[in-house]
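Novice: File data-v9.cif below, mmCIF, C-alpha atoms:
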```cif
data_coords
#
loop_
_atom_site.label_atom_id
_atom_site.label_comp_id
_atom_site.auth_asym_id
_atom_site.auth_seq_id
_atom_site.Cartn_x
_atom_site.Cartn_y
_atom_site.Cartn_z
CA MET A 1 48.91 -27.64 -78.48
CA ILE A 2 50.05 -24.15 -77.45
CA PHE A 3 52.31 -25.43 -74.65
CA LYS A 4 54.48 -27.24 -77.21
CA LEU A 5 55.51 -23.95 -78.80
CA ARG A 6 58.87 -22.43 -78.03
CA LYS A 7 58.67 -20.04 -75.07
CA SER A 8 59.71 -16.95 -77.03
CA ARG A 9 57.16 -17.73 -79.71
CA LEU A 10 54.47 -18.24 -77.05
CA ILE A 11 55.16 -14.82 -75.54
CA THR A 12 54.88 -13.22 -78.98
CA ILE A 13 51.57 -14.94 -79.69
CA ILE A 14 50.03 -14.06 -76.33
CA SER A 15 51.17 -10.43 -76.55
CA ALA A 16 49.79 -10.06 -80.05
CA ILE A 17 46.44 -11.50 -79.03
CA ILE A 18 45.94 -9.64 -75.79
CA THR A 19 47.47 -6.20 -76.37
CA ALA A 20 45.71 -5.72 -79.67
CA SER A 21 42.07 -4.77 -79.93
CA ILE A 22 39.94 -7.85 -79.56
CA VAL A 23 37.21 -7.60 -82.16
CA VAL A 24 34.71 -10.39 -82.32
CA ALA A 25 31.13 -10.76 -83.37
CA CYS A 26 28.67 -11.27 -80.57
CA GLY A 27 25.27 -10.26 -79.31
CA PRO A 28 22.57 -10.90 -76.77
CA GLN A 29 20.76 -14.15 -76.35
CA GLY A 30 17.02 -14.39 -76.53
CA GLY A 31 16.17 -11.74 -79.10
CA GLY A 32 18.20 -8.86 -77.70
CA GLY A 33 20.40 -8.53 -80.78
CA SER A 34 19.68 -7.17 -84.21
CA PRO A 35 16.81 -9.12 -85.81
CA THR A 36 17.37 -7.32 -89.12
CA GLY A 37 20.99 -8.45 -89.26
CA GLN A 38 22.27 -4.91 -88.75
CA VAL A 39 25.67 -4.84 -87.05
CA ILE A 40 25.86 -3.13 -83.65
CA SER A 41 29.37 -2.12 -82.61
CA ILE A 42 30.34 -1.95 -78.94
CA SER A 43 33.70 -0.79 -77.62
CA GLY A 44 35.38 -1.38 -74.29
CA ALA A 45 38.83 -0.92 -72.78
CA GLY A 46 40.71 -1.63 -69.60
CA ALA A 47 42.24 -4.37 -67.51
CA THR A 48 44.69 -6.92 -68.88
CA PHE A 49 43.93 -9.21 -65.90
CA PRO A 50 40.66 -10.53 -67.46
CA ALA A 51 41.61 -10.06 -71.12
CA PRO A 52 42.06 -13.79 -71.89
CA LEU A 53 38.67 -14.45 -70.30
CA TYR A 54 36.89 -11.62 -72.11
CA GLN A 55 38.45 -12.66 -75.41
CA ASN A 56 37.17 -16.20 -74.98
CA TRP A 57 33.74 -15.09 -73.78
CA PHE A 58 33.21 -12.76 -76.73
CA LYS A 59 34.48 -15.26 -79.28
CA THR A 60 32.37 -18.13 -77.92
CA TYR A 61 29.31 -15.92 -77.69
CA ALA A 62 29.73 -14.93 -81.32
CA GLN A 63 30.00 -18.54 -82.41
CA GLN A 64 27.16 -19.91 -80.32
CA VAL A 65 24.63 -17.12 -79.84
CA ASP A 66 24.44 -14.15 -82.21
CA PRO A 67 27.02 -12.74 -84.66
CA ASN A 68 25.21 -9.45 -85.27
CA VAL A 69 26.91 -7.43 -82.54
CA GLN A 70 30.64 -6.69 -82.54
CA ILE A 71 32.53 -6.08 -79.30
CA SER A 72 35.97 -4.51 -79.48
CA TYR A 73 37.93 -4.78 -76.22
CA GLN A 74 41.29 -3.02 -75.87
CA SER A 75 43.52 -4.53 -73.19
CA VAL A 76 45.23 -1.29 -72.12
CA GLY A 77 45.34 -1.64 -68.33
CA SER A 78 42.85 -0.63 -65.67
CA GLY A 79 44.12 2.93 -65.33
CA ALA A 80 43.76 3.73 -69.02
CA GLY A 81 40.44 1.89 -69.16
CA LEU A 82 39.00 3.95 -66.31
CA GLU A 83 40.10 7.17 -67.99
CA GLN A 84 38.44 6.19 -71.27
CA TYR A 85 35.29 5.22 -69.38
CA ILE A 86 35.19 8.57 -67.57
CA ASN A 87 35.82 10.45 -70.82
CA GLY A 88 33.00 8.60 -72.57
CA THR A 89 35.15 7.31 -75.41
CA VAL A 90 34.08 3.68 -74.88
CA ASP A 91 30.79 1.91 -74.22
CA PHE A 92 32.17 0.15 -71.15
CA GLY A 93 35.31 0.14 -69.05
CA ALA A 94 37.07 -2.70 -67.26
CA SER A 95 39.14 -2.52 -64.11
CA ASP A 96 40.59 -4.67 -61.36
CA ALA A 97 40.39 -1.68 -59.02
CA PRO A 98 37.02 -0.18 -58.05
CA ILE A 99 36.59 3.38 -59.22
CA SER A 100 37.30 5.75 -56.33
CA GLY A 101 38.91 9.02 -55.30
CA ASP A 102 39.49 11.65 -57.98
CA ARG A 103 38.28 9.33 -60.73
CA LEU A 104 34.98 8.76 -58.95
CA LYS A 105 34.60 12.49 -58.41
CA SER A 106 35.36 13.21 -62.07
CA PHE A 107 32.73 10.72 -63.20
CA GLN A 108 30.10 12.12 -60.85
CA GLU A 109 30.78 15.69 -61.98
CA ARG A 110 30.66 14.76 -65.67
CA TYR A 111 27.53 12.57 -65.60
CA ASN A 112 25.74 13.84 -62.49
CA ALA A 113 25.37 10.21 -61.42
CA ASN A 114 27.34 7.38 -59.88
CA PRO A 115 29.16 4.86 -62.08
CA ILE A 116 27.89 1.29 -62.26
CA GLN A 117 30.53 -1.39 -61.72
CA VAL A 118 29.67 -5.07 -61.71
CA PRO A 119 32.04 -7.93 -60.82
CA MET A 120 32.62 -10.44 -63.61
CA ALA A 121 35.19 -12.81 -62.08
CA GLY A 122 37.93 -13.15 -59.52
CA GLY A 123 41.48 -14.38 -59.65
CA ALA A 124 44.82 -14.68 -57.91
CA VAL A 125 47.82 -12.42 -58.38
CA VAL A 126 50.86 -14.65 -58.03
CA PHE A 127 54.59 -14.37 -57.54
CA ALA A 128 56.01 -15.96 -60.71
CA TYR A 129 59.74 -16.48 -60.96
CA ASN A 130 62.58 -17.71 -63.17
CA LEU A 131 64.97 -19.82 -61.16
CA PRO A 132 65.93 -23.04 -62.97
CA GLY A 133 65.97 -26.10 -60.77
CA VAL A 134 63.94 -24.50 -57.98
CA ASP A 135 60.36 -25.71 -57.72
CA GLU A 136 57.73 -24.78 -55.13
CA LEU A 137 59.61 -21.80 -53.78
CA LYS A 138 58.22 -20.67 -50.41
CA LEU A 139 57.91 -16.97 -49.68
CA PRO A 140 57.38 -15.97 -46.05
CA ARG A 141 55.86 -12.54 -45.54
CA GLU A 142 59.10 -11.07 -44.28
CA VAL A 143 60.85 -12.31 -47.41
CA TYR A 144 58.48 -11.01 -50.07
CA CYS A 145 58.13 -7.72 -48.20
CA GLY A 146 61.92 -7.52 -48.31
CA ILE A 147 62.02 -8.26 -52.04
CA VAL A 148 59.50 -5.59 -53.04
CA THR A 149 61.14 -2.95 -50.81
CA GLY A 150 64.66 -3.79 -51.97
CA LYS A 151 65.88 -5.03 -48.58
CA ILE A 152 66.37 -8.60 -49.77
CA THR A 153 68.47 -8.53 -52.92
CA ARG A 154 69.99 -11.99 -53.42
CA TRP A 155 68.50 -15.42 -53.91
CA ASN A 156 70.72 -17.00 -51.25
CA ASP A 157 69.62 -14.52 -48.58
CA PRO A 158 69.57 -16.39 -45.23
CA LYS A 159 65.83 -15.79 -44.77
CA LEU A 160 65.06 -17.35 -48.17
CA VAL A 161 67.40 -20.26 -47.50
CA ALA A 162 65.82 -20.92 -44.10
CA ALA A 163 62.33 -21.00 -45.64
CA ASN A 164 63.40 -23.41 -48.39
CA PRO A 165 65.50 -26.20 -46.84
CA GLY A 166 66.96 -28.64 -49.30
CA LYS A 167 66.68 -26.26 -52.25
CA SER A 168 69.76 -24.95 -54.02
CA LEU A 169 69.27 -21.19 -54.09
CA PRO A 170 71.97 -19.48 -56.18
CA ASP A 171 74.20 -16.61 -55.16
CA LYS A 172 72.57 -14.33 -57.74
CA PRO A 173 70.85 -10.95 -57.57
CA ILE A 174 67.07 -10.81 -57.39
CA THR A 175 65.35 -8.74 -60.07
CA PHE A 176 61.80 -7.70 -59.20
CA ALA A 177 59.45 -7.18 -62.17
CA HIS A 178 56.40 -4.94 -61.83
CA ARG A 179 53.92 -3.14 -64.04
CA SER A 180 54.95 0.08 -65.76
CA ASP A 181 51.39 1.09 -66.70
CA GLY A 182 48.30 1.92 -64.66
CA SER A 183 47.12 -1.47 -63.55
CA GLY A 184 44.37 -3.11 -61.53
CA THR A 185 46.67 -6.08 -61.05
CA THR A 186 49.06 -3.65 -59.38
CA PHE A 187 46.20 -2.36 -57.25
CA ILE A 188 45.36 -5.87 -56.00
CA PHE A 189 49.03 -6.60 -55.35
CA VAL A 190 49.95 -3.40 -53.50
CA ASN A 191 46.68 -3.44 -51.57
CA HIS A 192 48.00 -6.65 -50.02
CA ILE A 193 51.57 -5.41 -49.70
CA ASN A 194 50.47 -2.18 -48.03
CA THR A 195 48.48 -4.24 -45.51
CA VAL A 196 51.14 -6.78 -44.55
CA CYS A 197 54.48 -5.00 -45.06
CA PRO A 198 55.11 -2.46 -42.28
CA ASP A 199 57.85 -0.62 -44.18
CA TRP A 200 56.08 -0.37 -47.56
CA PRO A 201 56.60 3.25 -48.71
CA ALA A 202 54.51 3.54 -51.88
CA GLY A 203 50.90 3.24 -50.68
CA VAL A 204 48.08 1.85 -52.81
CA GLY A 205 46.97 2.69 -56.34
CA THR A 206 46.86 1.50 -59.92
CA SER A 207 50.27 3.16 -60.29
CA VAL A 208 52.85 3.58 -57.52
CA ASN A 209 56.44 4.75 -57.19
CA TRP A 210 58.23 1.44 -56.91
CA PRO A 211 61.22 1.34 -54.54
CA VAL A 212 62.97 -1.22 -56.73
CA GLY A 213 62.61 -3.27 -59.89
CA VAL A 214 62.01 -3.17 -63.63
CA GLY A 215 58.71 -2.44 -65.36
CA GLY A 216 56.71 -4.25 -68.00
CA GLN A 217 53.63 -3.19 -69.97
CA GLY A 218 50.58 -5.24 -69.05
CA ASN A 219 50.46 -8.67 -67.42
CA GLU A 220 51.96 -10.01 -70.64
CA GLY A 221 54.90 -7.61 -70.38
CA VAL A 222 55.72 -8.62 -66.82
CA ALA A 223 55.39 -12.30 -67.76
CA ALA A 224 57.86 -11.71 -70.59
CA GLN A 225 60.31 -9.97 -68.24
CA ILE A 226 60.22 -12.97 -65.92
CA GLN A 227 60.43 -15.62 -68.63
CA GLN A 228 63.31 -13.98 -70.50
CA ASN A 229 65.51 -13.05 -67.52
CA GLU A 230 66.84 -15.66 -65.11
CA GLY A 231 66.74 -14.56 -61.49
CA THR A 232 63.61 -12.45 -61.96
CA ILE A 233 60.50 -12.60 -59.80
CA GLY A 234 57.36 -10.54 -60.29
CA TYR A 235 53.60 -10.43 -59.90
CA VAL A 236 51.16 -11.47 -62.63
CA GLU A 237 47.60 -12.71 -62.82
CA TYR A 238 47.44 -16.49 -62.41
CA ALA A 239 46.26 -17.21 -65.96
CA TYR A 240 49.29 -15.43 -67.47
CA ALA A 241 51.70 -17.38 -65.28
CA LYS A 242 50.04 -20.63 -66.26
CA LEU A 243 49.91 -19.77 -69.97
CA ASN A 244 53.62 -19.02 -69.93
CA ASN A 245 54.43 -22.09 -67.82
CA LEU A 246 56.07 -19.92 -65.17
CA PRO A 247 56.73 -21.39 -61.72
CA ARG A 248 54.51 -19.88 -59.02
CA ALA A 249 55.67 -19.45 -55.44
CA LEU A 250 53.84 -20.62 -52.35
CA VAL A 251 52.94 -17.52 -50.32
CA GLU A 252 52.48 -17.30 -46.57
CA ASN A 253 48.97 -16.22 -45.62
CA LYS A 254 47.64 -14.54 -42.49
CA SER A 255 47.38 -17.89 -40.69
CA GLY A 256 51.02 -18.69 -41.38
CA ASN A 257 50.23 -21.34 -43.98
CA PHE A 258 52.12 -21.50 -47.28
CA ILE A 259 49.50 -21.65 -50.03
CA TYR A 260 50.16 -22.63 -53.63
CA PRO A 261 48.17 -20.37 -55.98
CA SER A 262 45.13 -21.92 -57.63
CA PRO A 263 41.60 -20.85 -58.54
CA GLU A 264 40.32 -22.91 -55.61
CA ALA A 265 42.64 -21.19 -53.13
CA ALA A 266 41.75 -17.80 -54.63
CA SER A 267 38.02 -18.49 -54.26
CA LYS A 268 38.53 -19.03 -50.54
CA THR A 269 39.71 -15.43 -50.30
CA PHE A 270 36.13 -14.31 -50.96
CA ALA A 271 34.28 -17.06 -49.07
CA GLY A 272 32.10 -15.68 -46.31
CA THR A 273 32.71 -12.05 -47.18
CA THR A 274 29.95 -9.49 -47.62
CA ILE A 275 30.07 -7.69 -50.95
CA PRO A 276 28.98 -4.05 -50.54
CA GLU A 277 26.15 -2.46 -52.49
CA ASP A 278 28.51 -0.99 -55.10
CA PHE A 279 30.31 -4.38 -55.43
CA ALA A 280 33.66 -2.77 -54.47
CA LEU A 281 34.88 -5.72 -52.40
CA LEU A 282 38.52 -5.66 -51.32
CA VAL A 283 40.10 -8.46 -49.29
CA PRO A 284 43.73 -7.40 -48.84
CA ASP A 285 44.57 -10.10 -46.28
CA PRO A 286 41.96 -12.88 -46.02
CA GLU A 287 41.21 -14.59 -42.72
CA ASN A 288 40.54 -18.03 -44.22
CA PRO A 289 43.52 -20.27 -43.32
CA GLU A 290 43.22 -22.05 -46.69
CA ALA A 291 43.04 -18.88 -48.80
CA PHE A 292 45.72 -17.69 -51.17
CA PRO A 293 46.41 -14.23 -49.75
CA ILE A 294 46.65 -12.11 -52.92
CA ALA A 295 43.42 -12.15 -54.91
CA GLY A 296 40.82 -9.72 -56.18
CA LEU A 297 37.79 -9.15 -58.35
CA THR A 298 37.61 -7.65 -61.82
CA TRP A 299 34.76 -5.33 -62.75
CA ILE A 300 33.08 -4.09 -65.91
CA LEU A 301 31.84 -0.51 -65.67
CA VAL A 302 28.75 0.59 -67.56
CA TYR A 303 27.05 3.97 -67.72
CA PRO A 304 23.89 4.83 -65.78
CA GLU A 305 22.28 5.82 -69.09
CA TYR A 306 22.78 4.99 -72.77
CA GLU A 307 21.49 6.92 -75.75
CA ASP A 308 21.14 3.83 -77.93
CA ALA A 309 18.72 1.26 -76.49
CA LYS A 310 19.78 -1.48 -78.93
CA LYS A 311 23.43 -1.04 -78.01
CA TRP A 312 22.70 -1.26 -74.29
CA GLU A 313 20.45 -4.31 -74.64
CA ALA A 314 23.15 -6.02 -76.69
CA LEU A 315 25.84 -5.27 -74.12
CA LYS A 316 23.57 -6.30 -71.25
CA GLY A 317 22.84 -9.58 -72.99
CA VAL A 318 26.54 -10.35 -73.35
CA LEU A 319 27.25 -9.60 -69.69
CA LEU A 320 24.39 -11.76 -68.44
CA TRP A 321 25.43 -14.62 -70.71
CA ALA A 322 29.01 -14.35 -69.44
CA LEU A 323 27.80 -14.59 -65.84
CA GLY A 324 25.55 -17.56 -66.67
CA ASP A 325 26.33 -21.25 -66.92
CA ASP A 326 28.13 -21.10 -70.29
CA GLY A 327 30.31 -18.19 -69.24
CA LYS A 328 31.02 -19.79 -65.87
CA LYS A 329 32.39 -22.92 -67.57
CA ILE A 330 34.78 -20.81 -69.63
CA ALA A 331 35.92 -18.89 -66.53
CA GLU A 332 36.69 -22.15 -64.75
CA GLN A 333 38.52 -23.56 -67.77
CA LEU A 334 40.74 -20.47 -67.86
CA ASP A 335 41.39 -20.61 -64.09
CA TYR A 336 39.34 -17.60 -63.05
CA VAL A 337 36.89 -17.59 -60.15
CA PRO A 338 33.25 -17.30 -61.34
CA MET A 339 30.77 -15.15 -59.45
CA PRO A 340 28.41 -17.09 -57.14
CA PRO A 341 24.67 -17.18 -57.92
CA ASP A 342 23.67 -14.66 -55.24
CA ILE A 343 26.06 -12.07 -56.67
CA VAL A 344 24.88 -12.80 -60.22
CA ASP A 345 21.32 -12.14 -59.07
CA ARG A 346 22.42 -8.80 -57.61
CA VAL A 347 24.20 -7.90 -60.82
CA LYS A 348 21.02 -8.57 -62.81
CA VAL A 349 19.06 -6.21 -60.57
CA THR A 350 21.75 -3.55 -60.93
CA LEU A 351 21.87 -3.80 -64.73
CA ASP A 352 18.08 -3.46 -64.87
CA LYS A 353 18.50 0.03 -63.39
CA VAL A 354 20.39 1.33 -66.43
CA LYS A 355 18.29 3.83 -68.40
CA VAL A 356 18.11 4.42 -72.14
CA LYS A 357 17.20 7.55 -74.10
CA SER A 358 15.90 5.90 -77.26
#
```
Have the structure of the file written as structure tokens, please.
Specialist:
Amino acid sequence: MIFKLRKSRLITIISAIITASIVVACGPQGGGGSPTGQVISISGAGATFPAPLYQNWFKTYAQQVDPNVQISYQSVGSGAGLEQYINGTVDFGASDAPISGDRLKSFQERYNANPIQVPMAGGAVVFAYNLPGVDELKLPREVYCGIVTGKITRWNDPKLVAANPGKSLPDKPITFAHRSDGSGTTFIFVNHINTVCPDWPAGVGTSVNWPVGVGGQGNEGVAAQIQQNEGTIGYVEYAYAKLNNLPRALVENKSGNFIYPSPEAASKTFAGTTIPEDFALLVPDPENPEAFPIAGLTWILVYPEYEDAKKWEALKGVLLWALGDDGKKIAEQLDYVPMPPDIVDRVKVTLDKVKVKS
């Protein structure tokens, strides 16, 4: 089993798998592939947040459905993925931040149309930490706001001690680990921080000027920073924290409840919300008293029109399979939040609007 490997070896394996191009054979179910056996190559790039899920989806699809279509997904971060999508150097992009602002304008000017972004899954962004002997660390809002702004700098700060009675918090400096690349995980995280921390100076984006901390490339890089350096705390997508067996803090939500991160608690972030027409749902501070407060969606972005009909039908088939029952099971196994049936139905209608030239 993977969890029996040495920690340093596990980090190396995960980094090699996720940061490299993921090339697997796959294709659409129900006759949408290549009946002649001709290989159709599809390329995508973007978010590291869903990379373990996409890797598993594509691999399983290849094994169980149709090996005639190859999907290559580069886990380069949401910012880089959006840029490649806008520049037309990939067949699809992937991001944990909806396309907006200058990027949206650039896409509209280049293609004379709006981009199409469809949600594939949701997940929690957690505070993972390396503090031997300290389990179930509680982080009040005032405390984690102080950590990310550099106002709380030691583990035995009185506010941390008061929130964690009975725990032996060391007199050691706190190191905050954050992303160094353009990141949708960062977007989800700072969207929350900007909402709840009154003195947050850096705003919201896939990249921000951090007041404090050390950077890591990708979710895997931040996970490595935390795992290899005692006294470090940082934000990573839930699946990466779990894969690396990193402790996850309980975080105070809007109702004042301390919530341990889990897929179930993350799903409550989205419960009862209305997803807009372009699917760009943001819930920076959920009202649900049982919700984990830092969670977001991850989107795949496709073009309004494709020149190659076979390529589009193949990609569409993969996406619909991933959102179906088989893909949902994989998402749940990997601790992501699957899309509910009503949203899947809306995604199907949206994908049917994509045009082809040939």
Novice: Measuring between all atoms listed in the file, which one of A:Gly184, A:Pro173, A:Gly122, A:Gly44 shows the shortest distance to A:Ala295?
Specialist: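 For A:Ala295, the nearest of the candidates is A:Gly122.
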Novice: Atom CA of A:Gly231 to atom CA of A:Lys172: how many Å, to one decimal?
Specialist: 6.9 Å
Novice: Can you tell me how far atom CA of A:Ser255 sits from atom CA of A:Thr273, in Å to one decimal?
Specialist: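 Atom CA of A:Thr273 lies at a distance of 17.1 Å from atom CA of A:Ser255.
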Novice: For the structure shown, which residues end up in the PyMOL selection byres ((chain A and resi 77-88) around 8)? Put them as a PyMOL selection string, please?
Specialist: chain A and resi 44-48+75-76+89-97+99+103+106-107+110+181-184+206-207+218+301
Novice: Counting only C-alpha atoms, write as number ranges by chain all protein and nucleic acid residues lying at most 12 Å from (27.7, -15.5, -73.2) in the file's frame.
Specialist: A: 25-30, 53-67, 120, 314-331
Novice: Can you work out which one of A:Val204, A:Ala51, A:Ile188, A:Ala177 has the shortest atom-to-atom distance to A:Tyr336, counting all atoms listed in the file?
Specialist: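 Checking each of A:Val204, A:Ala51, A:Ile188, A:Ala177 against A:Tyr336, counting all atoms listed in the file, the winner is A:Ala51.
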Novice: In Å, rounded to a single decimal, give me how far atom CA of A:Gln38 is from atom CA of A:Glu307.
Specialist: 17.6 Å
Novice: Using all atoms listed in the file, which residue out of A:Thr186, A:Asn209, A:Ser267, A:Asn288 lies closest to A:Val236?
Specialist: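 With all atoms listed in the file as the atom set, the closest residue is A:Thr186.
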Novice: For stretch 59-68 of chain A, take all atoms listed in the file, fit an axis-aligned box around them, add 3 Å to each of the six sides, then output centre and edge lengths in Å rounded to one decimal, as lines of an AutoDock Vina configuration file.
Specialist:
```
center_x = 29.5
center_y = -14.7
center_z = -81.5
size_x = 16.0
size_y = 16.5
size_z = 13.6
```
Novice: List every protein, DNA or RNA residue that has an atom no more than 10 Å from (48.1, -5.9, -53.9) in the file's coordinate frame, counting only C-alpha atoms, and report them as a list in words.
Specialist: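 Neighbouring residues, ordered by chain and number, come to Val125, Gly184, Thr185, Thr186, Phe187, Ile188, Phe189, Val190, Asn191, His192, Ile193, Asn194, Thr195, Val196, Val204, Gly205, Thr206, Tyr235, Leu282, Val283, Pro284, Asp285, Pro293, Ile294, Ala295 and Gly296 of chain A.
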Novice: Find, counting all atoms listed in the file, the residue in A:Leu104, A:Ile42, A:Val118, A:Leu297 that gets nearest to A:Glu277.
Specialist: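 Under the stated criterion, the closest residue is A:Val118.
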Novice: Please determine, counting all atoms listed in the file, which residue among A:Lys311, A:Tyr240, A:Gly101, A:Asp171 has the shortest atom-to-atom distance to A:Ile71.
Specialist: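 With all atoms listed in the file as the atom set, the closest residue is A:Lys311.
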Novice: From the set A:Pro286, A:Pro158, A:Pro198, A:Pro132, which residue has the shortest atom-to-atom contact distance to A:Thr232, counting all atoms listed in the file?
Specialist: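 Under the stated criterion, the closest residue is A:Pro132.
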Novice: Could you pull the residues within 12 Å of A:Lys151, counting all atoms listed in the file, minus those fewer than 4 positions along the same chain, as a ChimeraX atom specification?
Specialist: /A:142-147,155,157,159,173-174,176,197,199-200,211-213
